[in-house]
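Asker: Next up, final27.cif (mmCIF, C-alpha atoms).
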data_start
#
loop_
_atom_site.group_PDB
_atom_site.id
_atom_site.type_symbol
_atom_site.label_atom_id
_atom_site.label_comp_id
_atom_site.auth_asym_id
_atom_site.auth_seq_id
_atom_site.Cartn_x
_atom_site.Cartn_y
_atom_site.Cartn_z
ATOM 1 C CA GLY A 1 18.373 23.323 68.037
ATOM 2 C CA ARG A 2 14.996 24.672 68.739
ATOM 3 C CA ARG A 3 12.112 23.182 66.708
ATOM 4 C CA PHE A 4 9.201 25.160 65.359
ATOM 5 C CA TYR A 5 5.777 23.712 64.712
ATOM 6 C CA LEU A 6 3.119 25.212 62.440
ATOM 7 C CA CYS A 7 -0.018 25.963 64.330
ATOM 8 C CA PRO A 8 -3.098 24.281 62.776
ATOM 9 C CA LYS A 9 -4.764 27.657 62.628
ATOM 10 C CA ASN A 10 -1.898 29.181 60.657
ATOM 11 C CA GLY A 11 -1.888 26.190 58.283
ATOM 12 C CA PHE A 12 -5.557 26.683 57.564
ATOM 13 C CA ILE A 13 -4.966 30.373 56.762
ATOM 14 C CA MET A 14 -2.167 29.522 54.339
ATOM 15 C CA LYS A 15 -4.263 26.907 52.548
ATOM 16 C CA LYS A 16 -7.092 29.405 52.250
ATOM 17 C CA ALA A 17 -4.711 32.005 50.809
ATOM 18 C CA LEU A 18 -3.399 29.525 48.229
ATOM 19 C CA LEU A 19 -6.948 28.651 47.239
ATOM 20 C CA VAL A 20 -7.759 32.336 46.730
ATOM 21 C CA VAL A 21 -4.644 32.781 44.557
ATOM 22 C CA LEU A 22 -5.585 29.730 42.470
ATOM 23 C CA VAL A 23 -9.116 31.032 41.941
ATOM 24 C CA LEU A 24 -7.717 34.403 40.852
ATOM 25 C CA ILE A 25 -5.364 32.732 38.369
ATOM 26 C CA LEU A 26 -8.207 30.723 36.872
ATOM 27 C CA ALA A 27 -10.371 33.831 36.648
ATOM 28 C CA VAL A 28 -7.633 35.785 34.860
ATOM 29 C CA PHE A 29 -7.137 32.910 32.400
ATOM 30 C CA ALA A 30 -10.870 32.716 31.708
ATOM 31 C CA VAL A 31 -11.050 36.461 31.026
ATOM 32 C CA TRP A 32 -7.954 36.308 28.779
ATOM 33 C CA LYS A 33 -9.413 33.448 26.739
ATOM 34 C CA PHE A 34 -12.764 35.206 26.395
ATOM 35 C CA VAL A 35 -11.186 38.469 25.232
ATOM 36 C CA PHE A 36 -8.921 36.841 22.657
ATOM 37 C CA LYS A 37 -11.678 34.584 21.376
ATOM 38 C CA LYS A 38 -13.890 37.603 20.941
ATOM 39 C CA ASN A 39 -11.143 39.439 19.117
ATOM 40 C CA ASP A 40 -10.689 36.495 16.757
ATOM 41 C CA VAL A 41 -14.359 36.582 15.847
ATOM 42 C CA GLU A 42 -14.230 40.294 15.281
ATOM 43 C CA LEU A 43 -11.097 39.917 13.163
ATOM 44 C CA ASP A 44 -12.692 37.244 11.014
ATOM 45 C CA GLY A 45 -15.736 39.386 10.559
ATOM 46 C CA GLY A 46 -13.564 42.338 9.609
ATOM 47 C CA ASN A 47 -11.802 40.284 6.963
ATOM 48 C CA LYS A 48 -15.109 39.274 5.431
ATOM 49 C CA LEU A 49 -16.051 42.928 5.156
ATOM 50 C CA VAL A 50 -12.757 43.860 3.529
ATOM 51 C CA ALA A 51 -12.690 41.013 0.983
ATOM 52 C CA MET A 52 -15.894 39.340 -0.110
ATOM 53 C CA SER A 53 -15.971 35.601 0.250
ATOM 54 C CA VAL A 54 -16.973 33.267 -2.540
ATOM 55 C CA SER A 55 -20.764 32.871 -2.900
ATOM 56 C CA LYS A 56 -21.496 36.154 -1.139
ATOM 57 C CA HIS A 57 -22.865 37.882 -4.234
ATOM 58 C CA SER A 58 -26.492 38.897 -4.013
ATOM 59 C CA GLN A 59 -29.199 37.272 -6.068
ATOM 60 C CA VAL A 60 -29.613 40.524 -8.003
ATOM 61 C CA PHE A 61 -25.938 40.569 -8.940
ATOM 62 C CA ASN A 62 -25.914 36.895 -9.891
ATOM 63 C CA GLU A 63 -28.990 37.289 -12.060
ATOM 64 C CA SER A 64 -27.475 40.256 -13.886
ATOM 65 C CA MET A 65 -24.221 38.354 -14.408
ATOM 66 C CA GLN A 66 -26.098 35.304 -15.642
ATOM 67 C CA LYS A 67 -27.845 37.464 -18.235
ATOM 68 C CA VAL A 68 -24.417 38.526 -19.466
ATOM 69 C CA MET A 69 -23.258 34.929 -19.746
ATOM 70 C CA ASN A 70 -26.446 33.766 -21.471
ATOM 71 C CA ALA A 71 -26.159 36.591 -24.010
ATOM 72 C CA TYR A 72 -22.503 35.745 -24.616
ATOM 73 C CA TYR A 73 -23.243 32.034 -25.134
ATOM 74 C CA ALA A 74 -26.092 32.879 -27.528
ATOM 75 C CA MET A 75 -23.699 35.044 -29.523
ATOM 76 C CA THR A 76 -21.043 32.318 -29.775
ATOM 77 C CA GLU A 77 -23.701 29.930 -31.088
ATOM 78 C CA ALA A 78 -24.558 32.488 -33.764
ATOM 79 C CA PHE A 79 -20.884 32.408 -34.737
ATOM 80 C CA VAL A 80 -21.046 28.604 -34.931
ATOM 81 C CA GLN A 81 -23.980 28.968 -37.332
ATOM 82 C CA TRP A 82 -22.182 31.589 -39.458
ATOM 83 C CA ASP A 83 -25.234 33.825 -39.042
ATOM 84 C CA SER A 84 -24.022 37.431 -39.398
ATOM 85 C CA SER A 85 -27.401 38.964 -38.570
ATOM 86 C CA ALA A 86 -27.770 36.842 -35.430
ATOM 87 C CA VAL A 87 -24.188 37.655 -34.365
ATOM 88 C CA GLN A 88 -25.016 41.356 -34.615
ATOM 89 C CA ALA A 89 -28.314 40.993 -32.761
ATOM 90 C CA LYS A 90 -26.812 38.841 -30.002
ATOM 91 C CA GLY A 91 -23.918 41.267 -29.725
ATOM 92 C CA GLU A 92 -26.383 44.092 -29.118
ATOM 93 C CA ALA A 93 -28.126 41.976 -26.471
ATOM 94 C CA LEU A 94 -24.787 41.288 -24.793
ATOM 95 C CA LYS A 95 -24.003 45.000 -24.737
ATOM 96 C CA GLN A 96 -27.321 45.704 -23.002
ATOM 97 C CA ALA A 97 -26.683 42.951 -20.458
ATOM 98 C CA LEU A 98 -23.210 44.305 -19.739
ATOM 99 C CA ASP A 99 -24.536 47.837 -19.315
ATOM 100 C CA SER A 100 -27.063 46.474 -16.797
ATOM 101 C CA LEU A 101 -24.549 44.431 -14.795
ATOM 102 C CA LYS A 102 -24.842 45.324 -11.099
ATOM 103 C CA ILE A 103 -21.117 45.937 -10.792
ATOM 104 C CA THR A 104 -21.606 48.523 -8.036
ATOM 105 C CA GLU A 105 -22.315 45.666 -5.616
ATOM 106 C CA MET A 106 -18.577 45.067 -5.660
ATOM 107 C CA GLN A 107 -18.099 48.392 -3.858
ATOM 108 C CA LYS A 108 -18.407 46.520 -0.560
ATOM 109 C CA ASP A 109 -14.983 45.112 -1.409
ATOM 110 C CA THR A 110 -12.871 48.250 -1.567
ATOM 111 C CA ALA A 111 -9.787 46.352 -2.746
ATOM 112 C CA ILE A 112 -11.469 44.498 -5.605
ATOM 113 C CA TYR A 113 -14.000 47.035 -6.847
ATOM 114 C CA PRO A 114 -11.624 49.376 -8.762
ATOM 115 C CA VAL A 115 -10.079 46.401 -10.574
ATOM 116 C CA ALA A 116 -13.464 44.836 -11.309
ATOM 117 C CA ASN A 117 -14.882 48.130 -12.544
ATOM 118 C CA ASP A 118 -11.911 48.745 -14.852
ATOM 119 C CA GLN A 119 -12.225 45.219 -16.260
ATOM 120 C CA TRP A 120 -15.952 45.687 -16.770
ATOM 121 C CA GLU A 121 -15.214 48.838 -18.773
ATOM 122 C CA ALA A 122 -12.668 46.909 -20.859
ATOM 123 C CA VAL A 123 -15.255 44.225 -21.663
ATOM 124 C CA LYS A 124 -17.806 46.854 -22.678
ATOM 125 C CA SER A 125 -15.230 48.491 -24.913
ATOM 126 C CA GLU A 126 -14.608 45.174 -26.673
ATOM 127 C CA ILE A 127 -18.285 44.506 -27.341
ATOM 128 C CA ASP A 128 -18.686 48.061 -28.649
ATOM 129 C CA GLY A 129 -15.850 47.370 -31.060
ATOM 130 C CA MET A 130 -17.349 44.077 -32.191
ATOM 131 C CA ILE A 131 -20.699 45.692 -32.926
ATOM 132 C CA THR A 132 -19.038 48.200 -35.252
ATOM 133 C CA ASP A 133 -16.978 45.552 -37.094
ATOM 134 C CA SER A 134 -18.179 45.261 -40.665
ATOM 135 C CA THR A 135 -17.304 41.635 -41.482
ATOM 136 C CA LEU A 136 -17.792 38.313 -39.742
ATOM 137 C CA ALA A 137 -14.035 37.745 -39.896
ATOM 138 C CA ASP A 138 -13.420 41.003 -38.035
ATOM 139 C CA LYS A 139 -16.070 40.077 -35.496
ATOM 140 C CA ARG A 140 -14.320 36.749 -34.867
ATOM 141 C CA ALA A 141 -11.081 38.579 -34.113
ATOM 142 C CA SER A 142 -13.027 40.792 -31.693
ATOM 143 C CA LEU A 143 -14.612 37.688 -30.141
ATOM 144 C CA ASN A 144 -11.137 36.469 -29.203
ATOM 145 C CA MET A 145 -10.298 39.720 -27.385
ATOM 146 C CA LEU A 146 -13.755 39.936 -25.803
ATOM 147 C CA SER A 147 -13.514 36.370 -24.499
ATOM 148 C CA GLN A 148 -10.161 36.981 -22.868
ATOM 149 C CA GLN A 149 -11.433 40.190 -21.244
ATOM 150 C CA MET A 150 -14.557 38.425 -19.969
ATOM 151 C CA PHE A 151 -12.452 35.559 -18.627
ATOM 152 C CA ASP A 152 -10.442 38.063 -16.572
ATOM 153 C CA LEU A 153 -13.630 39.739 -15.310
ATOM 154 C CA LEU A 154 -15.073 36.413 -14.165
ATOM 155 C CA ARG A 155 -11.875 35.629 -12.276
ATOM 156 C CA ILE A 156 -11.827 39.017 -10.572
ATOM 157 C CA ILE A 157 -15.427 38.886 -9.372
ATOM 158 C CA LYS A 158 -15.251 35.124 -8.675
ATOM 159 C CA TYR A 159 -18.371 34.298 -10.654
ATOM 160 C CA ASP A 160 -19.902 31.411 -8.719
ATOM 161 C CA VAL A 161 -23.217 30.627 -10.413
ATOM 162 C CA ALA A 162 -21.809 27.985 -12.744
ATOM 163 C CA LYS A 163 -18.588 26.583 -14.142
ATOM 164 C CA VAL A 164 -17.046 28.362 -17.115
ATOM 165 C CA TYR A 165 -14.694 26.628 -19.537
ATOM 166 C CA PHE A 166 -12.018 28.702 -21.271
ATOM 167 C CA GLN A 167 -11.459 26.977 -24.607
ATOM 168 C CA GLU A 168 -9.031 27.402 -27.481
ATOM 169 C CA CYS A 169 -8.884 26.635 -31.176
ATOM 170 C CA PRO A 170 -5.272 26.446 -32.469
ATOM 171 C CA MET A 171 -6.255 27.461 -36.023
ATOM 172 C CA ALA A 172 -9.042 29.967 -35.490
ATOM 173 C CA LEU A 173 -7.765 33.141 -37.170
ATOM 174 C CA ASN A 174 -5.345 34.523 -39.756
ATOM 175 C CA ASN A 175 -5.963 31.858 -42.390
ATOM 176 C CA TYR A 176 -5.920 29.001 -39.843
ATOM 177 C CA GLU A 177 -2.534 30.068 -38.431
ATOM 178 C CA MET A 178 -3.548 31.846 -35.210
ATOM 179 C CA ALA A 179 -5.108 30.451 -32.035
ATOM 180 C CA ALA A 180 -8.136 32.088 -30.427
ATOM 181 C CA ASN A 181 -10.244 31.565 -27.323
ATOM 182 C CA TRP A 182 -13.859 31.552 -26.225
ATOM 183 C CA LEU A 183 -15.956 30.729 -23.139
ATOM 184 C CA SER A 184 -18.330 27.806 -22.847
ATOM 185 C CA PRO A 185 -20.804 26.517 -20.228
ATOM 186 C CA VAL A 186 -19.764 22.919 -21.039
ATOM 187 C CA ASP A 187 -16.492 21.055 -21.449
ATOM 188 C CA SER A 188 -17.375 19.748 -24.913
ATOM 189 C CA ILE A 189 -16.187 21.774 -27.917
ATOM 190 C CA ARG A 190 -18.442 23.756 -30.227
ATOM 191 C CA ASN A 191 -16.031 25.998 -32.114
ATOM 192 C CA PRO A 192 -17.353 29.516 -32.913
ATOM 193 C CA TYR A 193 -14.385 30.317 -35.179
ATOM 194 C CA LEU A 194 -14.632 27.425 -37.659
ATOM 195 C CA GLY A 195 -18.262 26.557 -36.984
ATOM 196 C CA LEU A 196 -20.557 24.614 -39.273
ATOM 197 C CA LYS A 197 -19.931 26.396 -42.585
ATOM 198 C CA ASP A 198 -16.212 27.041 -42.825
ATOM 199 C CA PRO A 199 -15.244 27.599 -46.508
ATOM 200 C CA LYS A 200 -12.405 25.081 -46.302
ATOM 201 C CA TYR A 201 -13.540 22.483 -43.766
ATOM 202 C CA GLY A 202 -17.299 22.816 -43.735
ATOM 203 C CA LYS A 203 -18.594 21.433 -40.439
ATOM 204 C CA GLU A 204 -15.708 18.991 -39.950
ATOM 205 C CA MET A 205 -13.829 21.294 -37.542
ATOM 206 C CA VAL A 206 -16.720 22.357 -35.320
ATOM 207 C CA THR A 207 -15.241 20.228 -32.519
ATOM 208 C CA CYS A 208 -11.682 21.453 -33.085
ATOM 209 C CA GLY A 209 -10.176 22.793 -29.868
ATOM 210 C CA SER A 210 -9.669 22.024 -26.213
ATOM 211 C CA THR A 211 -10.407 23.370 -22.746
ATOM 212 C CA LYS A 212 -7.420 25.365 -21.509
ATOM 213 C CA SER A 213 -8.768 26.379 -18.105
ATOM 214 C CA THR A 214 -11.871 25.995 -15.957
ATOM 215 C CA LEU A 215 -13.327 28.584 -13.612
ATOM 216 C CA ASP A 216 -15.127 26.953 -10.713
ATOM 217 C CA TYR A 217 -15.963 29.221 -7.788
ATOM 218 C CA ILE A 218 -19.145 27.348 -6.919
ATOM 219 C CA PRO A 219 -19.379 27.007 -3.115
ATOM 220 C CA LYS A 220 -18.500 23.485 -2.014
ATOM 221 C CA ASP A 221 -21.737 23.151 -0.049
ATOM 222 C CA SER A 222 -23.841 24.361 -2.969
ATOM 223 C CA THR A 223 -26.271 22.148 -4.834
ATOM 224 C CA LYS A 224 -25.651 24.020 -8.072
ATOM 225 C CA ASN A 225 -24.369 22.000 -11.006
#
Could I get this structure in the form of structure tokens?
Answerer:
Amino acid sequence: GRRFYLCPKNGFIMKKALLVVLVLILAVFAVWKFVFKKNDVELDGGNKLVAMSVSKHSQVFNESMQKVMNAYYAMTEAFVQWDSSAVQAKGEALKQALDSLKITEMQKDTAIYPVANDQWEAVKSEIDGMITDSTLADKRASLNMLSQQMFDLLRIIKYDVAKVYFQECPMALNNYEMAANWLSPVDSIRNPYLGLKDPKYGKEMVTCGSTKSTLDYIPKDSTKN
């Protein structure tokens, strides 16, 4: 049969064409990678706008929330001391701190804000009720409800200034037959229900109780304690 030979000139043209095709393929891949990478960044950014990340609260919000917590802790210490006047005064201070909480900052998170706002209103309702309670025993029952409502609020907003310990006394209410809860800045127990002057136990049961749960939303790269 007849043999055909590829002319060197034609071979050079084919190699050049293959090189052009290869360059085009690489260019398309580079553009594809750039576009998708850019979209990923935009998607991540979008998610951060939709749902606030931990530690993204402003200093103003954190300061207002810390005032709430400080007022709450001062009130529980008044319970420990069995000081009715101080409980009332600290309750009033807590109400003011709650009223001043910068809850509207949560509006940037459209999914969380309605829940956080409703929970904030529930907490304020509980402190209003406690203030109107006439006896220390009634106020202790209100403290239990208030503490549970505040615990839920802290979880919703992801309070990240400090750890919060959710503690329980198994014999706090109803003639030592009913458990009740409170919040503490430390893991050690200082019981606001039995306190230092309980009519039956005196100060012997001030450490009665245990930590049931711990809230810790502190950013991992934070230097906060």
Asker: Considering all atoms listed in the file, tabulate each residue of stretch 129-153 of chain A that lies at most 12 Å from stretch 99-121 of chain A along with its nearest interatomic pair and the corresponding distance in Å to one decimal; arrange the rows by chain and ascending residue number and present them as CSV.
Answerer:
residue,atom,partner,partner_atom,distance
A:Leu146,CA,A:Trp120,CA,10.9
A:Gln148,CA,A:Gln119,CA,10.8
A:Gln149,CA,A:Gln119,CA,7.1
A:Met150,CA,A:Trp120,CA,8.1
A:Phe151,CA,A:Gln119,CA,9.9
A:Asp152,CA,A:Gln119,CA,7.4
A:Leu153,CA,A:Gln119,CA,5.7
Asker: What residues come out when you apply the PyMOL selection byres ((chain A and resi 209) around 8) to this file, written as a VMD selection string?
Answerer: chain A and resid 167 to 170 189 191 207 to 208 210 to 211
Asker: Given the file shown, determine the residues that the PyMOL selection byres ((chain A and resi 198-201) around 12) selects; report them as a list of chain:residue names.
Answerer: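 Residues picked by the PyMOL selection byres ((chain A and resi 198-201) around 12): A:Phe79, A:Val80, A:Gln81, A:Trp82, A:Asp83, A:Leu136, A:Ala137, A:Met171, A:Ala172, A:Leu173, A:Asn175, A:Tyr176, A:Asn191, A:Pro192, A:Tyr193, A:Leu194, A:Gly195, A:Leu196, A:Lys197, A:Gly202, A:Lys203, A:Glu204, A:Met205, A:Val206, A:Thr207, A:Cys208.
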Asker: Write out as an MDAnalysis selection string which residues come within 6 Å of stretch 142-145 of chain A when counting only C-alpha atoms, dropping same-chain ones fewer than 2 positions away.
Answerer: chainID A and resid 130 139:140 147:148 180:181
Asker: What is the distance between atom CA of A:Thr214 and atom CA of A:Val164, in Å to one decimal?
Answerer: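 Result for atom CA of A:Thr214 versus atom CA of A:Val164: 5.8 Å, one decimal.
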Asker: Any idea what the distance is between atom CA of A:Ala74 and atom CA of A:Val186?
Answerer: 13.5 Å
Asker: Nearest to A:Phe61 among A:Leu215, A:Ala122, A:Val161, A:Leu94, with distances taken over only C-alpha atoms: which residue is it?
Answerer: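 Among the listed residues, A:Val161 lies closest to A:Phe61.
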Asker: Starting from the PyMOL selection byres ((chain A and resi 216) around 10), expand the selection into actual residues of this file and give them as a list in words.
Answerer: Arg155, Lys158, Tyr159, Asp160, Val161, Ala162, Lys163, Val164, Tyr165, Ser213, Thr214, Leu215, Tyr217, Ile218, Pro219 and Lys220 of chain A
Asker: In Å, rounded to a single decimal, give me how far atom CA of A:Ser134 is from atom CA of A:Leu98.
Answerer: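 Straight-line distance from atom CA of A:Leu98 to atom CA of A:Ser134 works out to 21.5 Å.
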Asker: For A:Ala86, which residue out of A:Arg190, A:Trp182, A:Lys124, A:Ile131 is the nearest one, using all atoms listed in the file?
Answerer: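 Of A:Arg190, A:Trp182, A:Lys124, A:Ile131, the one nearest A:Ala86 is A:Ile131, counting all atoms listed in the file.
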Asker: So, with all atoms listed in the file as the atoms that count, which of A:Thr132, A:Asn174, A:Leu154, A:Gly91 lies closest to A:Glu77?
Answerer: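 Looking at the shortest contact to A:Glu77, the residue is A:Gly91.
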Asker: Smallest atom-to-atom distance to A:Tyr72: which of A:Val60, A:Ala179, A:Ile127, A:Ile156, using only C-alpha atoms?
Answerer: A:Ile127
Asker: Which one of A:Ser64, A:His57, A:Ala97, A:Met75 sits closest to A:Val123 if you count all atoms listed in the file?
Answerer: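 For A:Val123, the nearest of the given residues is A:Ala97.
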